[in-house]
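Undergrad: My questions all concern the structure below.
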Amino acid sequence: MYGNLDSIVRFMGGYAALFTSKDFDFEGRKFSPTPLIISPLLLRTCSCPLFCGACCKPVTLDYLPTETYPQEAQPRGIVVNEIKKIVYSVIQNEKQLFCKNLSTTGQCNIYSTRPLLCRLAPLVGRITKTDIKTVSVTKAGRLRLAITGERKLPCIISEISEANVMHINALLSHLQQWMCYFEIDSKIPRIQELLTYLYDDKKLYKLYIDNEMNYTRTFYGTRK
């Protein structure tokens, strides 16, 4: 209904399709599980500099009924596998360049209650040349328009740390809540079990997880 600005469509076609462990149907499309390569870059987080807002487009702001949502949010039905679920959505003006909650300095005015899709912004699913999906945290792949009118790669990427591991684990748990709400079976709990296998004191590793949840670990690089 809301085209490229519908965050639910982005969630289903992006994150749900990436992490599903069984087939599911959404808006006439069937999504099937695929093997995953989990990069150690998953454990890096990013922060946003002032006067950016490049990722903050006027997308729908969607919340589960159990989440804290704005008073202006309206219920709408989302059908997955012929089962209707209700989310609460704030619909923005598609003619705006940026989210209405973005301040003039590029900061989020609803940061503590921002919806899941905003929290997932740094979590990127990419398709490799072998069509195996890779999960990582990385810089944007293209130049984006900031509120200053500049086009740049805005993200500030951190190094791997124990705090980042905890942050990513919490983010995956929140994502898993959404998968459970829409009754989509997920690989996320298995990924959470294996997060500490991505690194040790000196080395980084990547994991290959097949559709039966088995994994293999290979050397990725040395830690800085």
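Each chain of the structure tokens is named A, B, ... in the order shown, its residues numbered from 1; ligands are numbered from 1 in display order.
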From segment 132-217 of chain A, collect each residue whose DSSP state is alpha helix (DSSP H) and return the set as a VMD selection string.
TA: chain A and resid 162 to 181 188 to 193
Undergrad: Which residues are near Gly221 of chain A? Cut-off 10 Å, only C-alpha atoms, ignore same chain within fewer than 5 positions. Put them as a list of chain:residue names.
TA: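 That gives A:Pro40, A:Tyr199, A:Lys202, A:Lys203, A:Leu204, A:Tyr205, A:Lys206.
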Undergrad: Under the rule that only C-alpha atoms are counted, which of A:Lys85, A:Lys187, A:Arg44, A:Arg119 is the nearest residue to Glu162 of chain A?
TA: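 Of all the options, A:Arg44 lies closest to Glu162 of chain A.
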Undergrad: Tell me, counting only C-alpha atoms, for each residue of segment 23-140 of chain A within 8 Å of segment 165-177 of chain A, which pair of atoms is nearest and how far apart they are in Å to one decimal, in rows ordered by chain and increasing number, as a tab-separated table.
TA:
residue	atom	partner	partner_atom	distance
A:Leu42	CA	A:Ile168	CA	7.7
A:Leu43	CA	A:Val165	CA	5.6
A:Thr45	CA	A:Ile168	CA	7.8
A:Leu116	CA	A:Leu175	CA	7.4
A:Arg119	CA	A:Leu171	CA	7.6
A:Leu120	CA	A:Leu171	CA	7.4
Undergrad: Please provide as a JSON list (two decimals) with N, CA, C and O atoms, in the first residue's frame all residues within 9 Å of segment 61-77 of chain A, with the sequence filter that same-chain residues fewer than 4 positions apart are discarded (counting only C-alpha atoms).
TA:
[["chain", "number", "residue", "atom", "x", "y", "z"],
["A", 6, "ASP", "N", 7.03, 1.34, 2.93],
["A", 6, "ASP", "CA", 6.37, 0.47, 3.90],
["A", 6, "ASP", "C", 7.42, -0.38, 4.62],
["A", 6, "ASP", "O", 8.02, -1.28, 4.04],
["A", 7, "SER", "N", 7.62, -0.10, 5.90],
["A", 7, "SER", "CA", 8.64, -0.82, 6.66],
["A", 7, "SER", "C", 8.29, -2.29, 6.86],
["A", 7, "SER", "O", 9.19, -3.13, 6.99],
["A", 8, "ILE", "N", 7.00, -2.63, 6.88],
["A", 8, "ILE", "CA", 6.62, -4.03, 7.02],
["A", 8, "ILE", "C", 7.04, -4.82, 5.78],
["A", 8, "ILE", "O", 7.53, -5.95, 5.88],
["A", 84, "LYS", "N", -3.90, -13.14, 9.96],
["A", 84, "LYS", "CA", -3.88, -11.69, 10.07],
["A", 84, "LYS", "C", -3.37, -11.26, 11.44],
["A", 84, "LYS", "O", -3.85, -11.73, 12.47],
["A", 85, "LYS", "N", -2.39, -10.38, 11.43],
["A", 85, "LYS", "CA", -1.84, -9.81, 12.66],
["A", 85, "LYS", "C", -1.99, -8.29, 12.60],
["A", 85, "LYS", "O", -1.95, -7.69, 11.53],
["A", 86, "ILE", "N", -2.11, -7.68, 13.77],
["A", 86, "ILE", "CA", -2.27, -6.22, 13.84],
["A", 86, "ILE", "C", -0.95, -5.57, 14.25],
["A", 86, "ILE", "O", -0.28, -6.02, 15.19],
["A", 87, "VAL", "N", -0.55, -4.54, 13.52],
["A", 87, "VAL", "CA", 0.55, -3.68, 13.94],
["A", 87, "VAL", "C", 0.00, -2.27, 14.04],
["A", 87, "VAL", "O", -1.05, -1.94, 13.47],
["A", 88, "TYR", "N", 0.71, -1.43, 14.77],
["A", 88, "TYR", "CA", 0.32, -0.02, 14.90],
["A", 88, "TYR", "C", 1.32, 0.83, 14.14],
["A", 88, "TYR", "O", 2.53, 0.74, 14.38],
["A", 89, "SER", "N", 0.81, 1.62, 13.21],
["A", 89, "SER", "CA", 1.67, 2.31, 12.25],
["A", 89, "SER", "C", 1.42, 3.81, 12.23],
["A", 89, "SER", "O", 0.28, 4.27, 12.32],
["A", 90, "VAL", "N", 2.51, 4.54, 12.07],
["A", 90, "VAL", "CA", 2.46, 5.97, 11.78],
["A", 90, "VAL", "C", 2.84, 6.12, 10.31],
["A", 90, "VAL", "O", 3.93, 5.71, 9.91],
["A", 91, "ILE", "N", 1.93, 6.67, 9.51],
["A", 91, "ILE", "CA", 2.16, 6.83, 8.08],
["A", 91, "ILE", "C", 2.68, 8.25, 7.84],
["A", 91, "ILE", "O", 2.05, 9.23, 8.26],
["A", 92, "GLN", "N", 3.80, 8.36, 7.17],
["A", 92, "GLN", "CA", 4.41, 9.66, 6.93],
["A", 92, "GLN", "C", 4.11, 10.17, 5.52],
["A", 92, "GLN", "O", 3.68, 9.42, 4.64],
["A", 113, "THR", "N", 12.13, 5.30, 21.82],
["A", 113, "THR", "CA", 10.96, 4.51, 21.44],
["A", 113, "THR", "C", 10.88, 4.31, 19.92],
["A", 113, "THR", "O", 9.81, 4.02, 19.39],
["A", 114, "ARG", "N", 12.00, 4.45, 19.24],
["A", 114, "ARG", "CA", 11.99, 4.26, 17.79],
["A", 114, "ARG", "C", 11.64, 2.81, 17.47],
["A", 114, "ARG", "O", 11.94, 1.90, 18.24],
["A", 115, "PRO", "N", 11.00, 2.58, 16.34],
["A", 115, "PRO", "CA", 10.56, 1.22, 16.00],
["A", 115, "PRO", "C", 11.72, 0.30, 15.63],
["A", 115, "PRO", "O", 12.84, 0.75, 15.38],
["A", 116, "LEU", "N", 11.41, -0.99, 15.58],
["A", 116, "LEU", "CA", 12.44, -1.99, 15.34],
["A", 116, "LEU", "C", 13.20, -1.74, 14.04],
["A", 116, "LEU", "O", 14.42, -1.87, 14.00],
["A", 117, "LEU", "N", 12.49, -1.39, 12.97],
["A", 117, "LEU", "CA", 13.17, -1.24, 11.69],
["A", 117, "LEU", "C", 14.21, -0.13, 11.73],
["A", 117, "LEU", "O", 15.21, -0.18, 11.01],
["A", 118, "CYS", "N", 14.01, 0.88, 12.56],
["A", 118, "CYS", "CA", 15.02, 1.92, 12.74],
["A", 118, "CYS", "C", 16.21, 1.38, 13.52],
["A", 118, "CYS", "O", 17.37, 1.70, 13.22],
["A", 178, "TRP", "N", 9.61, -10.20, 16.84],
["A", 178, "TRP", "CA", 8.80, -9.92, 15.65],
["A", 178, "TRP", "C", 8.56, -11.20, 14.85],
["A", 178, "TRP", "O", 7.46, -11.43, 14.36],
["A", 181, "TYR", "N", 5.93, -13.13, 16.63],
["A", 181, "TYR", "CA", 4.61, -12.50, 16.54],
["A", 181, "TYR", "C", 3.93, -12.85, 15.22],
["A", 181, "TYR", "O", 2.73, -13.14, 15.18]]
Undergrad: Do you know which residues are at most 6 Å from Phe31 of chain A counting only C-alpha atoms, after dropping those on the same chain fewer than 3 positions away, and could you put them as a PDB file with N, CA and C atoms, in the first residue's frame?
TA:
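This is the output file around.pdb:
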ATOM      1  N   ALA A  17      12.832 -12.762   5.497  1.00  0.00           N
ATOM      2  CA  ALA A  17      13.299 -13.664   4.437  1.00  0.00           C
ATOM      3  C   ALA A  17      14.719 -14.147   4.706  1.00  0.00           C
ATOM      4  N   ASP A  23       9.423 -22.112   5.004  1.00  0.00           N
ATOM      5  CA  ASP A  23       8.732 -21.297   4.007  1.00  0.00           C
ATOM      6  C   ASP A  23       7.644 -20.450   4.665  1.00  0.00           C
ATOM      7  N   PHE A  24       7.468 -19.227   4.155  1.00  0.00           N
ATOM      8  CA  PHE A  24       6.306 -18.427   4.551  1.00  0.00           C
ATOM      9  C   PHE A  24       5.844 -17.593   3.366  1.00  0.00           C
TER      10      PHE A  24
END
Undergrad: Which one is closest to Gln107 of chain A: A:Gly13, A:Leu50, A:Ser161, A:Tyr208? Count only C-alpha atoms.
TA: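 Closest residue, counting only C-alpha atoms: A:Leu50.
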Undergrad: Determine which residues of segment 26-119 of chain A DSSP labels as strand (DSSP E) from the backbone of this structure, then write them out as a compact mmCIF listing (two decimals) with all heavy atoms, in the first residue's frame.
TA:
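Result file is result-v8.txt:
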# COMPACT_ATOMS: atom_id res chain seq x y z
N PHE A 26 3.85 -14.06 1.98
CA PHE A 26 3.47 -12.68 2.29
C PHE A 26 3.19 -11.94 1.00
O PHE A 26 4.02 -11.91 0.10
CB PHE A 26 4.60 -11.98 3.07
CG PHE A 26 4.36 -10.52 3.30
CD1 PHE A 26 3.37 -10.08 4.16
CD2 PHE A 26 5.13 -9.57 2.64
CE1 PHE A 26 3.14 -8.73 4.36
CE2 PHE A 26 4.92 -8.21 2.83
CZ PHE A 26 3.91 -7.79 3.70
N ARG A 29 3.89 -13.64 -2.30
CA ARG A 29 5.24 -14.14 -2.52
C ARG A 29 5.57 -15.24 -1.50
O ARG A 29 5.17 -15.16 -0.34
CB ARG A 29 6.27 -13.02 -2.39
CG ARG A 29 6.24 -12.00 -3.49
CD ARG A 29 7.40 -11.02 -3.32
NE ARG A 29 8.69 -11.69 -3.40
CZ ARG A 29 9.85 -11.11 -3.11
NH1 ARG A 29 9.87 -9.86 -2.69
NH2 ARG A 29 10.98 -11.78 -3.23
N LYS A 30 6.30 -16.23 -1.96
CA LYS A 30 6.75 -17.29 -1.08
C LYS A 30 8.23 -17.09 -0.79
O LYS A 30 9.04 -16.95 -1.70
CB LYS A 30 6.53 -18.66 -1.73
CG LYS A 30 6.99 -19.83 -0.88
CD LYS A 30 6.72 -21.15 -1.59
CE LYS A 30 7.18 -22.34 -0.76
NZ LYS A 30 6.90 -23.62 -1.45
N PHE A 31 8.58 -17.09 0.49
CA PHE A 31 9.97 -16.93 0.91
C PHE A 31 10.45 -18.25 1.52
O PHE A 31 9.77 -18.82 2.37
CB PHE A 31 10.10 -15.80 1.93
CG PHE A 31 9.73 -14.45 1.38
CD1 PHE A 31 8.44 -13.96 1.50
CD2 PHE A 31 10.68 -13.67 0.73
CE1 PHE A 31 8.09 -12.72 1.00
CE2 PHE A 31 10.34 -12.42 0.21
CZ PHE A 31 9.05 -11.95 0.35
N LEU A 36 23.13 -19.47 5.50
CA LEU A 36 23.66 -18.16 5.86
C LEU A 36 25.16 -18.23 6.08
O LEU A 36 25.68 -19.22 6.59
CB LEU A 36 23.01 -17.65 7.15
CG LEU A 36 21.53 -17.33 7.14
CD1 LEU A 36 21.09 -16.93 8.54
CD2 LEU A 36 21.22 -16.22 6.16
N ILE A 37 25.85 -17.17 5.69
CA ILE A 37 27.22 -16.96 6.12
C ILE A 37 27.19 -15.80 7.11
O ILE A 37 26.76 -14.70 6.76
CB ILE A 37 28.16 -16.64 4.95
CG1 ILE A 37 28.32 -17.86 4.04
CG2 ILE A 37 29.53 -16.21 5.48
CD1 ILE A 37 29.19 -17.60 2.83
N ILE A 38 27.61 -16.06 8.34
CA ILE A 38 27.61 -15.03 9.36
C ILE A 38 29.00 -14.44 9.45
O ILE A 38 29.96 -15.11 9.83
CB ILE A 38 27.19 -15.59 10.74
CG1 ILE A 38 25.91 -16.41 10.61
CG2 ILE A 38 27.02 -14.45 11.74
CD1 ILE A 38 24.72 -15.62 10.14
N CYS A 46 27.39 0.64 14.59
CA CYS A 46 27.66 1.92 13.96
C CYS A 46 26.95 3.03 14.72
O CYS A 46 25.96 2.80 15.41
CB CYS A 46 27.25 1.93 12.49
SG CYS A 46 25.49 2.01 12.21
N SER A 47 27.46 4.22 14.60
CA SER A 47 26.82 5.40 15.17
C SER A 47 26.70 6.46 14.08
O SER A 47 27.40 6.41 13.07
CB SER A 47 27.61 5.93 16.37
OG SER A 47 28.94 6.25 15.98
N LEU A 61 6.29 3.92 10.40
CA LEU A 61 6.85 3.61 11.71
C LEU A 61 5.93 2.59 12.36
O LEU A 61 4.79 2.92 12.73
CB LEU A 61 6.96 4.88 12.56
CG LEU A 61 7.72 6.05 11.90
CD1 LEU A 61 7.68 7.28 12.80
CD2 LEU A 61 9.16 5.65 11.59
N ASP A 62 6.39 1.36 12.46
CA ASP A 62 5.52 0.25 12.83
C ASP A 62 5.91 -0.37 14.17
O ASP A 62 7.10 -0.56 14.46
CB ASP A 62 5.57 -0.83 11.75
CG ASP A 62 5.18 -0.28 10.38
OD1 ASP A 62 4.02 0.11 10.23
OD2 ASP A 62 6.05 -0.22 9.49
N TYR A 63 4.89 -0.72 14.95
CA TYR A 63 5.09 -1.27 16.28
C TYR A 63 4.16 -2.46 16.50
O TYR A 63 3.03 -2.49 16.00
CB TYR A 63 4.77 -0.23 17.36
CG TYR A 63 5.59 1.03 17.30
CD1 TYR A 63 5.26 2.06 16.41
CD2 TYR A 63 6.69 1.21 18.13
CE1 TYR A 63 6.01 3.23 16.36
CE2 TYR A 63 7.44 2.38 18.08
CZ TYR A 63 7.10 3.38 17.20
OH TYR A 63 7.84 4.54 17.15
N GLN A 74 -1.95 4.13 14.10
CA GLN A 74 -3.23 3.50 13.79
C GLN A 74 -3.03 2.01 13.50
O GLN A 74 -2.02 1.61 12.92
CB GLN A 74 -3.87 4.17 12.57
CG GLN A 74 -4.19 5.64 12.77
CD GLN A 74 -5.24 5.85 13.85
OE1 GLN A 74 -6.25 5.14 13.89
NE2 GLN A 74 -5.00 6.83 14.72
N PRO A 75 -4.00 1.17 13.90
CA PRO A 75 -3.87 -0.27 13.64
C PRO A 75 -4.05 -0.59 12.16
O PRO A 75 -4.84 0.05 11.47
CB PRO A 75 -4.99 -0.88 14.48
CG PRO A 75 -6.01 0.21 14.60
CD PRO A 75 -5.23 1.49 14.64
N ARG A 76 -3.31 -1.56 11.69
CA ARG A 76 -3.52 -2.09 10.34
C ARG A 76 -3.21 -3.57 10.34
O ARG A 76 -2.39 -4.07 11.13
CB ARG A 76 -2.69 -1.35 9.29
CG ARG A 76 -1.19 -1.43 9.45
CD ARG A 76 -0.50 -0.87 8.20
NE ARG A 76 0.92 -0.73 8.37
CZ ARG A 76 1.81 -0.91 7.38
NH1 ARG A 76 1.40 -1.25 6.17
NH2 ARG A 76 3.10 -0.74 7.60
N GLY A 77 -3.88 -4.30 9.47
CA GLY A 77 -3.73 -5.74 9.42
C GLY A 77 -2.62 -6.17 8.46
O GLY A 77 -2.52 -5.65 7.35
N ILE A 78 -1.79 -7.10 8.92
CA ILE A 78 -0.72 -7.68 8.11
C ILE A 78 -0.96 -9.18 8.03
O ILE A 78 -1.08 -9.85 9.07
CB ILE A 78 0.67 -7.40 8.73
CG1 ILE A 78 0.88 -5.90 8.95
CG2 ILE A 78 1.76 -7.99 7.85
CD1 ILE A 78 0.87 -5.06 7.70
N VAL A 79 -1.05 -9.72 6.82
CA VAL A 79 -1.36 -11.13 6.64
C VAL A 79 -0.11 -11.90 6.24
O VAL A 79 0.52 -11.60 5.22
CB VAL A 79 -2.47 -11.33 5.58
CG1 VAL A 79 -2.76 -12.81 5.39
CG2 VAL A 79 -3.73 -10.58 6.00
N VAL A 80 0.25 -12.88 7.05
CA VAL A 80 1.37 -13.78 6.77
C VAL A 80 0.86 -15.21 6.91
O VAL A 80 0.24 -15.56 7.92
CB VAL A 80 2.54 -13.55 7.75
CG1 VAL A 80 3.70 -14.51 7.45
CG2 VAL A 80 3.02 -12.11 7.69
N ILE A 83 -2.66 -15.68 7.99
CA ILE A 83 -3.00 -15.31 9.37
C ILE A 83 -2.84 -13.80 9.51
O ILE A 83 -1.78 -13.26 9.22
CB ILE A 83 -2.10 -16.04 10.39
CG1 ILE A 83 -2.25 -17.55 10.24
CG2 ILE A 83 -2.44 -15.61 11.81
CD1 ILE A 83 -1.27 -18.35 11.08
N LYS A 84 -3.90 -13.14 9.96
CA LYS A 84 -3.88 -11.69 10.07
C LYS A 84 -3.37 -11.26 11.44
O LYS A 84 -3.85 -11.73 12.47
CB LYS A 84 -5.28 -11.11 9.84
CG LYS A 84 -5.33 -9.59 9.84
CD LYS A 84 -6.74 -9.10 9.53
CE LYS A 84 -6.82 -7.59 9.48
NZ LYS A 84 -8.19 -7.12 9.16
N LYS A 85 -2.39 -10.38 11.43
CA LYS A 85 -1.84 -9.81 12.66
C LYS A 85 -1.99 -8.29 12.60
O LYS A 85 -1.95 -7.69 11.53
CB LYS A 85 -0.36 -10.17 12.81
CG LYS A 85 -0.07 -11.66 12.90
CD LYS A 85 -0.50 -12.24 14.24
CE LYS A 85 -0.07 -13.69 14.38
NZ LYS A 85 -0.38 -14.23 15.71
N ILE A 86 -2.11 -7.68 13.77
CA ILE A 86 -2.27 -6.22 13.84
C ILE A 86 -0.95 -5.57 14.25
O ILE A 86 -0.28 -6.02 15.19
CB ILE A 86 -3.36 -5.84 14.85
CG1 ILE A 86 -4.71 -6.41 14.42
CG2 ILE A 86 -3.45 -4.32 15.01
CD1 ILE A 86 -5.21 -5.87 13.09
N VAL A 87 -0.55 -4.54 13.52
CA VAL A 87 0.55 -3.68 13.94
C VAL A 87 0.00 -2.27 14.04
O VAL A 87 -1.05 -1.94 13.47
CB VAL A 87 1.74 -3.72 12.95
CG1 VAL A 87 2.30 -5.13 12.84
CG2 VAL A 87 1.34 -3.19 11.58
N TYR A 88 0.71 -1.43 14.77
CA TYR A 88 0.32 -0.02 14.90
C TYR A 88 1.32 0.83 14.14
O TYR A 88 2.53 0.74 14.38
CB TYR A 88 0.25 0.37 16.37
CG TYR A 88 -0.98 -0.21 17.05
CD1 TYR A 88 -0.97 -1.52 17.52
CD2 TYR A 88 -2.14 0.54 17.16
CE1 TYR A 88 -2.10 -2.07 18.10
CE2 TYR A 88 -3.28 -0.01 17.75
CZ TYR A 88 -3.25 -1.31 18.21
OH TYR A 88 -4.37 -1.85 18.78
N SER A 89 0.81 1.62 13.21
CA SER A 89 1.67 2.31 12.25
C SER A 89 1.42 3.81 12.23
O SER A 89 0.28 4.27 12.32
CB SER A 89 1.45 1.75 10.84
OG SER A 89 1.68 0.36 10.80
N VAL A 90 2.51 4.54 12.07
CA VAL A 90 2.46 5.97 11.78
C VAL A 90 2.84 6.12 10.31
O VAL A 90 3.93 5.71 9.91
CB VAL A 90 3.43 6.78 12.66
CG1 VAL A 90 3.41 8.26 12.26
CG2 VAL A 90 3.07 6.62 14.13
Undergrad: Which of these residues is nearest to Ile147 of chain A, using only C-alpha atoms: A:Gly53, A:Pro189, A:Gly14, A:Pro58?
TA: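 Of A:Gly53, A:Pro189, A:Gly14, A:Pro58, the one nearest Ile147 of chain A is A:Gly53, counting only C-alpha atoms.
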Undergrad: With distances taken over only C-alpha atoms, which of A:Pro33, A:Arg10, A:Gly28, A:Ile156 is nearest to Asp185 of chain A?
TA: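 Closest to Asp185 of chain A, using only C-alpha atoms: A:Pro33.
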Undergrad: I'd like the contact shell of Gly106 of chain A - 9 Å cut-off, only C-alpha atoms, skipping same-chain residues fewer than 5 positions apart - returned as a PyMOL selection string.
TA: chain A and resi 48-54+56+146-147
Undergrad: Find the residues near Met179 of chain A: any atom within 9 Å, counting only C-alpha atoms, skip ones fewer than 6 places away on the same chain, and give them as a PyMOL selection string.
TA: chain A and resi 16+19-20+185-186
Undergrad: Considering only C-alpha atoms, return as an NGL selection string whatever protein or nucleic-acid residues lie within 7 Å of Lys57 of chain A, sequence-local ones (same chain, fewer than 4 positions apart) excluded.
TA: :A and (97-99)
Undergrad: Could those selected residues go to a file with N, CA, C and O atoms, as a PDB file, in the first residue's frame?
TA:
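As written to disk, again-v4.pdb reads:
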ATOM      1  N   LEU A  97      11.615  14.428   2.406  1.00  0.00           N
ATOM      2  CA  LEU A  97      12.906  13.797   2.149  1.00  0.00           C
ATOM      3  C   LEU A  97      13.361  12.948   3.326  1.00  0.00           C
ATOM      4  O   LEU A  97      14.069  11.957   3.152  1.00  0.00           O
ATOM      5  N   PHE A  98      12.947  13.352   4.540  1.00  0.00           N
ATOM      6  CA  PHE A  98      13.419  12.676   5.742  1.00  0.00           C
ATOM      7  C   PHE A  98      12.259  12.407   6.695  1.00  0.00           C
ATOM      8  O   PHE A  98      11.179  12.987   6.572  1.00  0.00           O
ATOM      9  N   CYS A  99      12.511  11.533   7.662  1.00  0.00           N
ATOM     10  CA  CYS A  99      11.527  11.217   8.689  1.00  0.00           C
ATOM     11  C   CYS A  99      11.139  12.478   9.452  1.00  0.00           C
ATOM     12  O   CYS A  99      11.984  13.332   9.750  1.00  0.00           O
TER      13      CYS A  99
END
